[in-house]
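Asks: This one is model.csv, CSV, C-alpha atoms.
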```csv
chain,number,residue,atom,x,y,z
F,1,MET,CA,-87.0,-108.3,249.4
F,2,ARG,CA,-84.9,-108.0,252.5
F,3,LEU,CA,-81.7,-108.2,250.4
F,4,LEU,CA,-83.0,-105.4,248.3
F,5,ALA,CA,-83.7,-103.3,251.4
F,6,ILE,CA,-80.2,-103.9,252.7
F,7,SER,CA,-78.6,-103.0,249.4
F,8,ILE,CA,-80.6,-99.8,249.0
F,9,PHE,CA,-79.7,-98.9,252.6
F,10,SER,CA,-76.0,-99.5,252.0
F,11,LEU,CA,-76.2,-97.6,248.8
F,12,LEU,CA,-77.7,-94.7,250.7
F,13,LEU,CA,-75.0,-94.9,253.3
F,14,TRP,CA,-72.3,-95.0,250.7
F,15,SER,CA,-73.7,-92.0,248.8
F,16,SER,CA,-74.0,-90.0,252.1
F,17,CYS,CA,-70.4,-90.8,252.8
F,18,THR,CA,-69.3,-89.6,249.4
F,19,SER,CA,-71.3,-86.4,249.7
F,20,ASN,CA,-69.7,-85.8,253.1
F,21,ASN,CA,-66.3,-86.1,251.4
F,22,ARG,CA,-67.2,-83.5,248.9
F,23,SER,CA,-68.2,-81.0,251.6
F,24,ASN,CA,-64.7,-81.4,253.0
F,25,SER,CA,-63.9,-78.3,251.0
F,26,ILE,CA,-64.8,-76.4,254.2
F,27,LEU,CA,-62.1,-76.8,256.8
F,28,PRO,CA,-63.1,-77.6,260.4
F,29,ILE,CA,-62.6,-75.0,263.2
F,30,TYR,CA,-60.6,-76.3,266.2
F,31,GLY,CA,-60.4,-75.3,269.8
F,32,ASN,CA,-63.1,-74.4,272.4
F,33,ARG,CA,-66.3,-72.8,271.4
F,34,GLU,CA,-69.2,-71.3,273.4
F,35,PRO,CA,-72.7,-70.1,272.6
F,36,VAL,CA,-73.3,-66.4,273.3
F,37,THR,CA,-76.8,-65.0,273.5
F,38,LYS,CA,-77.3,-61.4,272.7
F,39,THR,CA,-80.1,-59.1,271.7
F,40,VAL,CA,-80.0,-57.7,268.2
F,41,ASP,CA,-82.8,-55.3,267.0
F,42,GLY,CA,-84.9,-56.5,269.9
F,43,LYS,CA,-84.5,-60.1,269.0
F,44,ILE,CA,-82.6,-62.7,271.0
F,45,VAL,CA,-80.0,-64.5,268.8
F,46,THR,CA,-77.5,-67.1,269.8
F,47,ASP,CA,-74.1,-67.0,268.2
F,48,THR,CA,-71.1,-69.3,268.5
F,49,VAL,CA,-67.9,-67.8,269.6
F,50,TYR,CA,-64.8,-69.7,268.6
F,51,GLN,CA,-61.4,-69.9,270.3
F,52,THR,CA,-59.1,-67.4,268.7
F,53,ILE,CA,-55.4,-66.6,269.0
F,54,PRO,CA,-54.9,-64.0,271.8
F,55,ASP,CA,-52.9,-60.8,271.4
F,56,PHE,CA,-49.1,-61.0,271.7
F,57,SER,CA,-46.2,-58.6,271.1
F,58,PHE,CA,-42.9,-59.9,269.8
F,59,VAL,CA,-40.1,-58.6,267.6
F,60,ASN,CA,-39.3,-60.0,264.1
F,61,GLN,CA,-36.0,-60.5,262.4
F,62,TYR,CA,-36.0,-56.9,261.2
F,63,GLY,CA,-36.3,-55.6,264.8
F,64,LYS,CA,-39.9,-54.6,264.1
F,65,GLN,CA,-42.7,-54.9,266.7
F,66,ILE,CA,-45.2,-57.6,265.6
F,67,ASN,CA,-48.6,-58.2,267.3
F,68,ARG,CA,-52.0,-59.8,266.6
F,69,LYS,CA,-53.0,-56.8,264.5
F,70,SER,CA,-50.0,-57.1,262.2
F,71,LEU,CA,-51.7,-60.3,261.0
F,72,ASP,CA,-55.1,-58.7,260.3
F,73,GLY,CA,-56.3,-59.8,256.8
F,74,SER,CA,-53.8,-62.6,256.6
F,75,ILE,CA,-54.2,-66.4,256.6
F,76,TYR,CA,-51.1,-67.6,258.4
F,77,VAL,CA,-49.1,-70.6,259.4
F,78,ALA,CA,-47.4,-70.7,262.8
F,79,ASP,CA,-44.7,-72.9,264.3
F,80,PHE,CA,-42.3,-73.0,267.2
F,81,PHE,CA,-38.5,-73.6,266.8
F,82,PHE,CA,-35.1,-72.4,267.8
F,83,THR,CA,-32.1,-71.8,265.5
F,84,SER,CA,-29.7,-74.1,267.3
F,85,CYS,CA,-32.2,-77.0,267.3
F,86,PRO,CA,-30.3,-80.1,266.2
F,87,SER,CA,-33.3,-82.5,265.9
F,88,ILE,CA,-36.5,-81.7,264.1
F,89,CYS,CA,-36.2,-78.0,263.2
F,90,PRO,CA,-34.1,-78.4,260.0
F,91,ILE,CA,-36.6,-80.8,258.5
F,92,MET,CA,-39.5,-78.6,259.6
F,93,HIS,CA,-38.1,-75.6,257.9
F,94,ARG,CA,-37.1,-77.5,254.8
F,95,ASN,CA,-40.8,-78.4,254.5
F,96,MET,CA,-41.9,-74.8,255.5
F,97,LEU,CA,-39.7,-73.5,252.6
F,98,ASN,CA,-42.2,-75.2,250.3
F,99,VAL,CA,-45.0,-73.3,251.9
F,100,TYR,CA,-43.0,-70.1,251.6
F,101,LYS,CA,-42.2,-70.6,248.0
F,102,GLU,CA,-45.9,-71.5,247.2
F,103,PHE,CA,-47.3,-68.3,248.7
F,104,LYS,CA,-44.3,-65.9,248.4
F,105,ASN,CA,-46.0,-63.7,245.8
F,106,ASN,CA,-49.3,-63.8,247.7
F,107,GLY,CA,-49.6,-61.0,250.2
F,108,ASN,CA,-52.4,-62.5,252.3
F,109,VAL,CA,-50.5,-65.7,253.4
F,110,LYS,CA,-47.8,-65.3,256.1
F,111,ILE,CA,-45.6,-67.6,258.1
F,112,ILE,CA,-44.6,-66.9,261.7
F,113,SER,CA,-41.9,-68.9,263.5
F,114,HIS,CA,-41.7,-68.3,267.2
F,115,SER,CA,-38.3,-68.9,268.8
F,116,ILE,CA,-38.6,-70.8,272.0
F,117,ASP,CA,-35.0,-69.9,272.9
F,118,PRO,CA,-35.1,-66.1,272.9
F,119,GLY,CA,-32.0,-66.0,275.1
F,120,HIS,CA,-29.9,-67.3,272.3
F,121,ASP,CA,-32.0,-66.3,269.3
F,122,SER,CA,-31.5,-62.5,269.4
F,123,VAL,CA,-32.8,-60.3,266.5
F,124,PRO,CA,-29.4,-60.5,264.6
F,125,VAL,CA,-29.3,-64.3,265.1
F,126,LEU,CA,-32.8,-64.6,263.6
F,127,LYS,CA,-31.9,-62.3,260.8
F,128,LYS,CA,-28.8,-64.3,259.9
F,129,TYR,CA,-30.9,-67.5,260.1
F,130,ALA,CA,-33.5,-66.1,257.8
F,131,ASP,CA,-30.8,-64.9,255.4
F,132,ASN,CA,-29.2,-68.3,255.3
F,133,LEU,CA,-32.6,-69.9,254.7
F,134,GLY,CA,-33.0,-67.5,251.7
F,135,ILE,CA,-36.0,-65.6,253.2
F,136,SER,CA,-36.5,-61.9,252.4
F,137,GLY,CA,-39.5,-59.6,252.6
F,138,ASP,CA,-42.5,-59.9,255.0
F,139,ASN,CA,-44.0,-63.2,254.1
F,140,TRP,CA,-42.1,-65.2,256.8
F,141,TRP,CA,-41.3,-63.6,260.1
F,142,PHE,CA,-39.1,-65.1,262.8
F,143,LEU,CA,-40.3,-63.8,266.1
F,144,GLN,CA,-38.7,-63.5,269.5
F,145,GLY,CA,-39.7,-62.0,272.8
F,146,ASN,CA,-40.5,-62.9,276.4
F,147,LYS,CA,-40.0,-66.6,276.9
F,148,GLU,CA,-43.0,-67.2,279.2
F,149,ALA,CA,-45.3,-65.3,276.9
F,150,THR,CA,-44.1,-67.4,274.0
F,151,TYR,CA,-44.7,-70.7,275.9
F,152,LYS,CA,-48.1,-69.4,277.0
F,153,LEU,CA,-49.0,-68.5,273.4
F,154,ALA,CA,-48.0,-72.0,272.3
F,155,GLU,CA,-50.8,-73.3,274.4
F,156,SER,CA,-53.4,-71.3,272.6
F,157,TYR,CA,-52.1,-72.9,269.4
F,158,LEU,CA,-52.9,-76.2,271.0
F,159,THR,CA,-49.2,-77.1,271.0
F,160,ALA,CA,-46.7,-77.5,273.8
F,161,VAL,CA,-43.1,-76.4,274.3
F,162,LYS,CA,-40.9,-76.6,277.4
F,163,GLU,CA,-37.3,-76.4,278.5
F,164,ASP,CA,-35.7,-79.7,279.2
F,165,LYS,CA,-31.9,-79.9,279.7
F,166,SER,CA,-31.9,-83.6,278.8
F,167,ALA,CA,-33.5,-83.1,275.4
F,168,PRO,CA,-31.3,-82.5,272.3
F,169,GLY,CA,-30.6,-78.8,272.2
F,170,GLY,CA,-32.2,-78.3,275.7
F,171,PHE,CA,-35.9,-78.0,274.6
F,172,VAL,CA,-38.7,-80.3,273.8
F,173,HIS,CA,-41.4,-79.2,271.4
F,174,ALA,CA,-43.8,-80.7,268.9
F,175,GLY,CA,-43.0,-80.0,265.3
F,176,TYR,CA,-46.5,-78.9,264.4
F,177,PHE,CA,-47.5,-76.3,261.8
F,178,ILE,CA,-50.8,-74.6,262.8
F,179,LEU,CA,-53.1,-73.0,260.2
F,180,ILE,CA,-54.9,-69.8,261.3
F,181,ASP,CA,-57.6,-68.1,259.3
F,182,LYS,CA,-58.3,-64.4,258.9
F,183,GLN,CA,-60.6,-64.5,261.9
F,184,LYS,CA,-57.6,-65.9,264.0
F,185,ARG,CA,-59.3,-69.3,264.4
F,186,ILE,CA,-57.4,-72.6,264.2
F,187,ARG,CA,-58.3,-74.4,261.0
F,188,GLY,CA,-55.7,-77.2,260.9
F,189,THR,CA,-52.6,-78.7,262.5
F,190,TYR,CA,-50.0,-80.6,260.5
F,191,ASP,CA,-46.8,-82.6,261.4
F,192,GLY,CA,-44.2,-80.2,260.1
F,193,THR,CA,-41.6,-83.0,259.8
F,194,ASN,CA,-43.8,-84.9,257.3
F,195,ALA,CA,-43.6,-83.7,253.7
F,196,ASP,CA,-47.0,-85.3,252.9
F,197,GLU,CA,-48.8,-83.4,255.7
F,198,VAL,CA,-47.2,-80.2,254.6
F,199,ALA,CA,-48.5,-80.7,251.1
F,200,LYS,CA,-51.9,-81.1,252.7
F,201,LEU,CA,-51.3,-77.8,254.5
F,202,ILE,CA,-50.6,-76.0,251.2
F,203,ALA,CA,-53.8,-77.4,249.7
F,204,ASP,CA,-55.8,-76.4,252.8
F,205,VAL,CA,-54.4,-72.8,252.6
F,206,LYS,CA,-55.8,-72.6,249.1
F,207,THR,CA,-59.1,-73.9,250.3
F,208,LEU,CA,-59.1,-71.2,253.0
F,209,GLN,CA,-58.3,-68.6,250.4
F,210,ALA,CA,-61.3,-69.6,248.4
F,211,GLU,CA,-63.6,-69.5,251.4
F,212,PRO,CA,-66.1,-66.6,251.5
F,213,GLU,CA,-65.3,-64.0,254.2
F,214,ASN,CA,-68.3,-64.7,256.3
F,215,ALA,CA,-68.8,-68.4,255.7
F,216,ILE,CA,-70.4,-70.4,258.5
F,217,ALA,CA,-68.2,-73.5,259.0
F,218,GLN,CA,-68.7,-76.0,261.7
A,219,MET,CA,-0.9,-131.9,229.0
A,220,LYS,CA,1.2,-128.9,230.1
A,221,TYR,CA,-1.3,-126.6,228.5
A,222,LYS,CA,-4.2,-128.3,230.2
A,223,ILE,CA,-2.6,-127.8,233.6
A,224,ILE,CA,-2.0,-124.1,232.8
A,225,ALA,CA,-5.5,-123.7,231.6
A,226,LEU,CA,-6.9,-125.4,234.7
A,227,LEU,CA,-4.7,-123.1,236.9
A,228,LEU,CA,-6.0,-120.1,235.0
A,229,VAL,CA,-9.6,-121.2,235.6
A,230,VAL,CA,-8.9,-121.7,239.3
A,231,ILE,CA,-7.2,-118.3,239.7
A,232,ALA,CA,-10.1,-116.6,237.9
A,233,ALA,CA,-12.6,-118.4,240.1
A,234,LEU,CA,-10.7,-117.4,243.2
A,235,ALA,CA,-10.5,-113.8,242.0
A,236,TYR,CA,-14.2,-113.8,241.3
A,237,SER,CA,-15.2,-115.2,244.7
A,238,CYS,CA,-12.8,-112.7,246.4
A,239,GLN,CA,-14.5,-109.9,244.6
A,240,SER,CA,-17.9,-111.0,245.5
A,241,GLU,CA,-16.9,-111.3,249.1
A,242,SER,CA,-15.6,-107.7,249.2
A,243,GLU,CA,-18.8,-106.8,247.4
A,244,ILE,CA,-20.8,-108.5,250.2
A,245,GLU,CA,-18.8,-106.6,252.8
A,246,TYR,CA,-19.4,-103.3,251.0
A,247,MET,CA,-23.2,-104.0,250.8
A,248,ARG,CA,-23.3,-104.8,254.5
A,249,TYR,CA,-21.7,-101.4,255.3
A,250,TYR,CA,-23.8,-99.6,252.8
A,251,THR,CA,-27.2,-100.9,254.0
A,252,SER,CA,-26.4,-100.4,257.7
A,253,GLY,CA,-25.2,-97.0,256.8
A,254,GLN,CA,-28.4,-96.2,255.0
A,255,GLU,CA,-30.4,-97.0,258.1
A,256,LEU,CA,-28.1,-94.9,260.3
A,257,TYR,CA,-28.2,-92.0,257.9
A,258,LYS,CA,-32.0,-92.0,258.0
A,259,THR,CA,-32.2,-91.8,261.7
A,260,ARG,CA,-29.1,-89.7,262.5
A,261,CYS,CA,-28.3,-87.5,259.5
A,262,GLN,CA,-31.3,-87.1,257.3
A,263,ASN,CA,-33.2,-84.5,259.3
A,264,CYS,CA,-30.5,-82.0,258.6
A,265,HIS,CA,-28.7,-83.1,255.5
A,266,GLY,CA,-31.9,-84.3,253.7
A,267,ALA,CA,-33.0,-87.5,252.0
A,268,GLN,CA,-31.0,-86.7,248.9
A,269,GLY,CA,-28.0,-85.2,250.8
A,270,GLU,CA,-29.2,-81.8,249.6
A,271,GLY,CA,-28.5,-79.9,252.8
A,272,LEU,CA,-30.7,-76.9,253.7
A,273,ALA,CA,-30.2,-73.6,251.9
A,274,ALA,CA,-27.1,-71.8,253.3
A,275,LEU,CA,-27.7,-73.3,256.7
A,276,ILE,CA,-26.6,-76.9,256.3
A,277,PRO,CA,-24.1,-78.1,253.7
A,278,PRO,CA,-25.0,-80.7,251.1
A,279,LEU,CA,-23.2,-84.0,250.9
A,280,THR,CA,-23.0,-84.0,247.1
A,281,ASP,CA,-19.6,-82.2,246.7
A,282,LEU,CA,-17.4,-85.1,245.4
A,283,GLU,CA,-14.4,-82.9,245.3
A,284,TYR,CA,-14.8,-81.9,249.0
A,285,LEU,CA,-15.4,-85.6,250.0
A,286,LYS,CA,-12.3,-86.7,248.1
A,287,LYS,CA,-10.1,-84.0,249.5
A,288,ASN,CA,-11.2,-84.5,253.1
A,289,ARG,CA,-11.8,-88.3,253.1
A,290,GLU,CA,-9.5,-88.9,256.0
A,291,LYS,CA,-11.0,-86.1,258.2
A,292,LEU,CA,-14.7,-87.1,257.7
A,293,ALA,CA,-14.6,-89.7,260.6
A,294,CYS,CA,-13.4,-87.1,263.0
A,295,TYR,CA,-16.1,-84.7,261.9
A,296,ILE,CA,-18.8,-87.3,262.6
A,297,GLU,CA,-17.1,-88.3,265.9
A,298,ASN,CA,-16.5,-84.8,267.4
A,299,GLY,CA,-18.9,-82.6,265.4
A,300,LEU,CA,-17.7,-79.6,263.4
A,301,GLN,CA,-17.5,-76.0,264.5
A,302,LEU,CA,-15.2,-74.5,261.8
A,303,PRO,CA,-16.6,-72.7,258.8
A,304,ILE,CA,-16.2,-75.0,255.8
A,305,LEU,CA,-16.4,-74.5,252.0
A,306,VAL,CA,-18.6,-76.9,250.1
A,307,ASN,CA,-19.5,-76.4,246.4
A,308,GLY,CA,-17.8,-73.1,246.6
A,309,LYS,CA,-20.2,-71.8,249.4
A,310,ALA,CA,-19.2,-71.1,253.0
A,311,TYR,CA,-21.1,-72.8,255.8
A,312,ASN,CA,-20.7,-71.4,259.3
A,313,GLY,CA,-23.1,-73.5,261.3
A,314,GLN,CA,-22.3,-76.2,263.9
A,315,MET,CA,-22.7,-79.9,263.6
A,316,PRO,CA,-23.1,-81.7,266.9
A,317,ALA,CA,-21.0,-84.7,267.9
A,318,SER,CA,-22.7,-87.9,266.8
A,319,GLY,CA,-21.9,-90.3,269.6
A,320,LEU,CA,-21.7,-93.1,267.0
A,321,ALA,CA,-19.3,-96.1,267.4
A,322,PRO,CA,-16.4,-96.4,264.9
A,323,ILE,CA,-18.1,-99.2,263.0
A,324,GLU,CA,-21.2,-97.1,262.7
A,325,ILE,CA,-19.1,-94.1,261.5
A,326,ALA,CA,-17.6,-96.4,258.9
A,327,GLN,CA,-21.1,-97.6,257.8
A,328,VAL,CA,-22.4,-94.0,257.5
A,329,LEU,CA,-19.3,-92.9,255.6
A,330,THR,CA,-19.7,-95.8,253.2
A,331,TYR,CA,-23.3,-94.9,252.6
A,332,VAL,CA,-22.7,-91.2,252.1
A,333,GLN,CA,-19.7,-91.6,249.9
A,334,ASN,CA,-21.6,-93.9,247.6
A,335,SER,CA,-25.0,-92.1,247.4
A,336,PHE,CA,-26.2,-88.8,246.0
A,337,GLY,CA,-24.0,-89.2,242.9
A,338,ASN,CA,-20.9,-90.1,244.9
A,339,LYS,CA,-18.9,-93.3,244.1
A,340,MET,CA,-16.0,-93.7,246.5
A,341,GLY,CA,-16.2,-97.3,247.6
A,342,LEU,CA,-15.9,-98.9,251.0
A,343,HIS,CA,-14.7,-97.0,254.0
A,344,ASN,CA,-14.1,-99.7,256.5
A,345,VAL,CA,-13.8,-99.7,260.3
A,346,GLU,CA,-10.0,-100.3,260.2
A,347,GLN,CA,-9.6,-97.1,258.2
A,348,VAL,CA,-11.9,-95.2,260.5
A,349,ASN,CA,-10.0,-96.4,263.6
A,350,GLY,CA,-6.8,-95.1,262.1
A,351,GLU,CA,-8.3,-91.8,261.2
A,352,LEU,CA,-9.9,-91.3,264.6
A,353,GLY,CA,-6.4,-91.7,266.2
A,354,LYS,CA,-5.3,-88.6,264.2
A,355,CYS,CA,-8.2,-86.2,265.0
A,356,GLU,CA,-7.1,-82.6,265.4
```
So, in terms of structure tokens, how does the structure I just supplied come out?
Replies:
Amino acid sequence: MRLLAISIFSLLLWSSCTSNNRSNSILPIYGNREPVTKTVDGKIVTDTVYQTIPDFSFVNQYGKQINRKSLDGSIYVADFFFTSCPSICPIMHRNMLNVYKEFKNNGNVKIISHSIDPGHDSVPVLKKYADNLGISGDNWWFLQGNKEATYKLAESYLTAVKEDKSAPGGFVHAGYFILIDKQKRIRGTYDGTNADEVAKLIADVKTLQAEPENAIAQ
Amino acid sequence: MKYKIIALLLVVIAALAYSCQSESEIEYMRYYTSGQELYKTRCQNCHGAQGEGLAALIPPLTDLEYLKKNREKLACYIENGLQLPILVNGKAYNGQMPASGLAPIEIAQVLTYVQNSFGNKMGLHNVEQVNGELGKCE
């Protein structure tokens, strides 16, 4: 009898696990969140406000001003790099090229790569880098601007960059790709140097594309 | 009797030649496997797991013609880095390769690996050759 109870219990556990797996088709939302209470139509409702990417203003490889609004209506993937980076950047962008190719003909997915070395990476340098990588059009932007603003923005992507003369190329940074939804919320972080994780990123972008506009995800 | 001695001698010579060959084969494999490890940690990020390079930014290592023509300069390129524009597979590459900081024996191992991978088959590039070539860097 006891054995039967245990086996039923474990069967229940197992089935609850598998159903959890299935509901994985909704991606988690990362970052801070806080409840906000407001009055709507005379009723008090509590809403959850998620951390979003703050406004910024940088210039892309075409010399065009790009800010938070330029990404309205787009799912996007962000990373931080510099063109003279001798260590992890080539492998990051070899992997990012797969993301680019997958969504090149899909207007609502963009890639933005922030240069953390704007002193060297001027607009013409970024344009040449993009050309050499085979990038055209407006699906992948290489952005440069104020260095402190870039470093500050990196923090809101939950990633860190800093200058360090002893590191190869003079900077240390984590090679993460960060997935942002249309509401500017962080929905995933992936090791950009790992081809398997980048394949997961491509799958997750497709999941996000299929997500209803006003879905409630936890 | 005479023929027997000759036959025996031939067998001995053949055996010697065989053992010599396998010894050089062992040396080659030793270079190749060490070179493979070094390639993974020191070269692969840029040049790729298949030596494919990266678009027009980083040259591939699959141009056998280039490797043959420049075989004696390769050690210097790895030792000192490379700033000049180079022509690989008929395409120009203008980027910079940083100096590697590898020891001559490591350069020889990496060169042996690269010149016998990705469709290349150029045999052993040993440390004596590398030392000679490093003495003539431009």
Asks: Give me the residues within 6 Å of range 138-153 of chain F as an NGL selection string, counting all atoms listed in the file and dropping any in the same chain fewer than 4 places off.
Replies: :F and (58-61 or 110-115 or 118)
Asks: Could you write out as a count of residues only the residues of chain A within 6 Å of chain F, counting only C-alpha atoms?
Replies: 5
Asks: Calculate how many Å separate CA of Tyr236 in chain A from CA of Val348 in chain A, rounding to one decimal.
Replies: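 It comes out at 26.8 Å.
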Asks: For CA of Gln254 in chain A and CA of Glu297 in chain A, quote the distance in Å rounded to one decimal.
Replies: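 CA of Gln254 in chain A sits 17.6 Å away from CA of Glu297 in chain A.
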Asks: What is the CA of Asp191 in chain F-CA of Ser156 in chain F distance in Å, reported with one decimal?
Replies: 17.2 Å
Asks: May I ask which of the residues F:Lys182, F:Gly175, F:Arg33, F:Asn194 is the closest one to Glu211 in chain F, counting only C-alpha atoms?
Replies: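 The closest residue to Glu211 in chain F is F:Lys182.
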